[in-house]
Amino acid sequence: MPPASQAPQSTGPALELLVHGVGGTTPSEMLGDCRTTRVSGDTTAAIYRRTEDIAAEQHPDRRREGPVAEAYCWSNLTSGNGSRALWLLLLPFMVVNLAHWMRPTARERTAAVRLYGTVVRLVALSLTVLLTAAACEVALDLVAWQCAGVDRCAGEYSWLGFLSSRQDGWWSQPGRRLALASLVPAALVGLLWYLSNRTWSAYESQRPLSWDEPDEDPAPQPAPPGAPLVRPALGRPGFWYGRRLVARLRAAHTAAGFLTIAASVGGAAARHDRAADGPVPAVAGGLFEAALILCGLVVVAVVCRRGRSERRLDNRLDRAAVSFLPGAALALLLLAAVYAAWSRPGWASAGALPGETAFRLLALGQGVLVVVLAVVALNLYRSAPEPRTTLHGLGGPAVAMLACALGGVMTGGIAQRVADWLDGPGTPGMGSGSAIPGPPVLLSWQASVIPLLLLLLLVPVTWLAVRTARRARRLGPRIEAEYGEKHPDQARTRHIARIRATAALTDSAPRIVGLLSGATLLLGAVAVAGSWLSGQVPGLAMEGAGPLVESLADAAQSTGSWMIGFGFILFVTWGRRAYRDVSARRTIGILWDVGTFWPRAAHPFAPPCYAERAVPDLSSRMCAWTARTRGRLVISGHSQGSVLAAAAVWQLPATARRRVALLTYGSPIERLYGRWFPAYFGPVPLDGLHRSVHCWRNLWRATDPIGGPVLIDEGQGPEVDRGPLKDPLVYGRTPEHPLPEPVLGHSDYQADPVFAVERAALLERLGPPVLPQQAGAGAGQAGEAARLPGEESQENPGRSSG
């Protein structure tokens, strides 16, 4: 980083570009003025100014008391009407996509990095198969095969009458019922494909800046002072433009969904043809299954073959994969429907479809993949260990395991609730009182371990609660000494201490996640083994083991089953409330915004990435404004907005970055992102950002549960962190503050007087403004400064900075 004395002199005004955080806000609230005008952008994301500041560049001498303020509002990228809550149903896809970005920092481990990405993509593919298999279990097995094939069950529902075997109609044959029911999971897969394709066009198709500078790899270790800077991963031209990979993965996952349905429909007919002589030769089923296997191998190869292209803007598409795979899989599905619908007069549905084996293999495969991912992650971590990395590099495998667990819970919840509804007063799979066999036994075993998992979690949760209370008591005397109170108020002291102690709980999240993930893996293995060895639900499997064991097994099974169903309904209800109630949205907003910050690199059906629109917006604005006005710019980001601001600064060319200062406050950039995503926000990338941007200041509070210091080794450079700031500003009533001051925590950093001081200091370090008249600027330069702020070059704003 060039020293402050070498800061480029400004020939224009100063600008503060405000970026809000989680939950969003209005331009009027950000700018402190009800009269605002949109400068650039659309209704989804835009830049606003006070109306009186629209032509501020024409008269820079009139704004010498402070910078012109602009507000970038991006909340519509992550919020909307109540229907947006349906994205929460795809939470497992979002979580496994996070695991891709949690890779530990690697040093000279290119093959291991590629293997890590490949394994995560395979886990993501298994989740697509699992979701489709759950839809097939409900529509094909429970409804079309089991209930429609049993008079006692079909007679309870008039809408099943035309499928009932006792009607002896055209649709009464099992194959035809399966072909008709396959429309439900096929429509689900088609909907996921449509949403992925539409959201890419709406959210992520904004092309980033083009570069004249050569691409470079990120530094493997902190460079010594004076060493040439290299571009980190988030600064690569193609990082925020993953069109090629998303298209490939979308085609592969869509094909995998259609193949899963085709296997469910055509596999049942093929098994019948092999077991009995009929009008369809058994060789037809064999050829069909061979085609399924071949197409499935092609899908796996497409998923494994290629990762992300980040070194340049990659506009190519793999036409063969994108066009061939979904079409071939859909053709096989149509072939399976025709094959199954062929008349087989002697075919009658009995028992359940063999989905038990499929679910067991899926669960077993996911467990093996997670273990392999953990081994690769540990290998990467040992090559470049960083003490603050979450779970010593195992954060990605732990989160991948939680994604699989979420998928299993949602699968089991849907299947068991539908089975209970179809069976009426009976319990599926529980003896003569049941009309249908019910869902696979494995789902009942997985439900049975949920109460045990919650009991295990009570221990660390109780320990954290006790530790937080003890910490709050210890903080009391320190807080009173900090404010210098001669007559402290014990209630006020306890209130401040409790907030500070609770804010520190964020740092304990990795331990809880690690414990939960490990217990899930262990109990999941027990569930798979129990279902495989016994072949019965836990209540029946434990008969003869004693009254106590049998009653505990029955209680665990019923409790877990109802908890899954209730949890699923609560999950959807909570998701809708989160987009209707502002306070509820802020509660879960940080998790949602962290998850959708990252591009879709592992799962194409995950919720869309807002940063692929927001980061190019911010980079383009900063680059064009500094090139046109030659002014000083402070990009000021709060909470998640600070992460967007840092990512945008990384994308700037060096000529623009020298005129930009970074001000972050309430920032999770190290506390959350640096620990959970060390390869992208760890010590090495943050140190590179510190040395590449001209000046950076970070404000934080001890009462903030999200923001924290960036913990950069300053060396000879200027200090980055300023804090902890006093919160509240005063302890009690004073002449300047006659009313009690609130504890602000994560909000209202701009209300602290330190904020204005630090912003002014950043502008001063960028260099004093030199007006065009003082600089001897010609008429052309003055006319350049007179442009309105919305007049960016449409050709290539990144190249105009030279």
# chains A, B, ... in the order shown; residues from 1 in each chain; ligands from 1
>>> residues_around(residues="Ala400 in chain A", least_positions_apart="4", cutoff="8 Å", atoms="only C-alpha atoms", output="list in words")
Val95, Val96, Ala99, Val120, Val123, Val370, Gly396 and Cys404 of chain A
>>> write_last_selection(atoms="all heavy atoms", output="PDB file, in the first residue's frame")
ATOM      1  N   VAL A  95     -27.424 -24.796   2.220  1.00  0.00           N
ATOM      2  CA  VAL A  95     -26.426 -25.166   3.223  1.00  0.00           C
ATOM      3  C   VAL A  95     -25.278 -25.938   2.586  1.00  0.00           C
ATOM      4  O   VAL A  95     -24.103 -25.701   2.902  1.00  0.00           O
ATOM      5  CB  VAL A  95     -27.091 -25.977   4.352  1.00  0.00           C
ATOM      6  CG1 VAL A  95     -26.054 -26.496   5.330  1.00  0.00           C
ATOM      7  CG2 VAL A  95     -28.111 -25.108   5.098  1.00  0.00           C
ATOM      8  N   VAL A  96     -25.582 -26.868   1.681  1.00  0.00           N
ATOM      9  CA  VAL A  96     -24.492 -27.621   1.044  1.00  0.00           C
ATOM     10  C   VAL A  96     -23.688 -26.718   0.121  1.00  0.00           C
ATOM     11  O   VAL A  96     -22.474 -26.918  -0.059  1.00  0.00           O
ATOM     12  CB  VAL A  96     -25.051 -28.843   0.284  1.00  0.00           C
ATOM     13  CG1 VAL A  96     -25.694 -28.441  -1.035  1.00  0.00           C
ATOM     14  CG2 VAL A  96     -23.958 -29.860   0.033  1.00  0.00           C
ATOM     15  N   ALA A  99     -21.004 -25.201   2.156  1.00  0.00           N
ATOM     16  CA  ALA A  99     -19.880 -26.097   2.436  1.00  0.00           C
ATOM     17  C   ALA A  99     -18.794 -25.970   1.375  1.00  0.00           C
ATOM     18  O   ALA A  99     -17.610 -26.139   1.674  1.00  0.00           O
ATOM     19  CB  ALA A  99     -20.371 -27.542   2.534  1.00  0.00           C
ATOM     20  N   VAL A 120     -17.969 -32.073  -2.665  1.00  0.00           N
ATOM     21  CA  VAL A 120     -19.113 -31.255  -2.266  1.00  0.00           C
ATOM     22  C   VAL A 120     -20.190 -31.289  -3.350  1.00  0.00           C
ATOM     23  O   VAL A 120     -21.389 -31.375  -3.052  1.00  0.00           O
ATOM     24  CB  VAL A 120     -18.669 -29.814  -1.974  1.00  0.00           C
ATOM     25  CG1 VAL A 120     -19.885 -28.930  -1.694  1.00  0.00           C
ATOM     26  CG2 VAL A 120     -17.741 -29.771  -0.777  1.00  0.00           C
ATOM     27  N   VAL A 123     -22.096 -34.486  -3.017  1.00  0.00           N
ATOM     28  CA  VAL A 123     -23.053 -34.418  -1.907  1.00  0.00           C
ATOM     29  C   VAL A 123     -24.283 -33.631  -2.341  1.00  0.00           C
ATOM     30  O   VAL A 123     -25.430 -34.007  -2.038  1.00  0.00           O
ATOM     31  CB  VAL A 123     -22.396 -33.782  -0.668  1.00  0.00           C
ATOM     32  CG1 VAL A 123     -23.423 -33.593   0.442  1.00  0.00           C
ATOM     33  CG2 VAL A 123     -21.244 -34.639  -0.164  1.00  0.00           C
ATOM     34  N   VAL A 370     -19.227 -37.455   3.207  1.00  0.00           N
ATOM     35  CA  VAL A 370     -18.882 -36.498   4.260  1.00  0.00           C
ATOM     36  C   VAL A 370     -17.573 -36.884   4.934  1.00  0.00           C
ATOM     37  O   VAL A 370     -16.728 -36.028   5.227  1.00  0.00           O
ATOM     38  CB  VAL A 370     -20.034 -36.388   5.287  1.00  0.00           C
ATOM     39  CG1 VAL A 370     -19.588 -35.614   6.527  1.00  0.00           C
ATOM     40  CG2 VAL A 370     -21.238 -35.709   4.657  1.00  0.00           C
ATOM     41  N   GLY A 396     -16.519 -27.085   6.742  1.00  0.00           N
ATOM     42  CA  GLY A 396     -17.224 -27.493   5.531  1.00  0.00           C
ATOM     43  C   GLY A 396     -17.861 -28.863   5.643  1.00  0.00           C
ATOM     44  O   GLY A 396     -19.052 -29.029   5.355  1.00  0.00           O
ATOM     45  N   CYS A 404     -27.237 -32.705   4.744  1.00  0.00           N
ATOM     46  CA  CYS A 404     -27.806 -34.044   4.545  1.00  0.00           C
ATOM     47  C   CYS A 404     -28.857 -34.354   5.611  1.00  0.00           C
ATOM     48  O   CYS A 404     -29.897 -34.965   5.314  1.00  0.00           O
ATOM     49  CB  CYS A 404     -26.699 -35.084   4.577  1.00  0.00           C
ATOM     50  SG  CYS A 404     -25.475 -34.932   3.250  1.00  0.00           S
TER      51      CYS A 404
END
>>> select_by_dssp(residues="range 487-645 of chain A", states="alpha helix (DSSP H)", output="JSON, numbers by chain")
{"A": [490, 491, 492, 493, 494, 495, 496, 497, 498, 499, 500, 501, 502, 503, 509, 510, 511, 512, 513, 514, 515, 516, 517, 518, 519, 520, 521, 522, 523, 524, 525, 526, 527, 528, 529, 530, 531, 532, 533, 534, 538, 539, 540, 541, 547, 548, 549, 550, 551, 552, 553, 554, 555, 556, 557, 558, 559, 560, 561, 562, 563, 564, 565, 566, 567, 568, 569, 570, 571, 572, 573, 574, 575, 576, 577, 578, 582, 583, 584, 585, 586, 587, 588, 589, 590, 591, 592, 593, 594, 595, 596, 597, 611, 612, 613, 614, 615, 616, 617, 618, 619, 620, 621, 622, 623, 624, 625, 626, 627, 628, 629, 640, 641, 642, 643, 644, 645]}
>>> closest_residue(among="A:Trp240, A:Val283, A:Ser126, A:Val449", to="Leu313 in chain A", atoms="only C-alpha atoms")
A:Trp240
>>> closest_residue(among="A:Ala606, A:Ala553, A:Ala661, A:Leu287", to="Leu88 in chain A", atoms="only C-alpha atoms")
A:Ala606
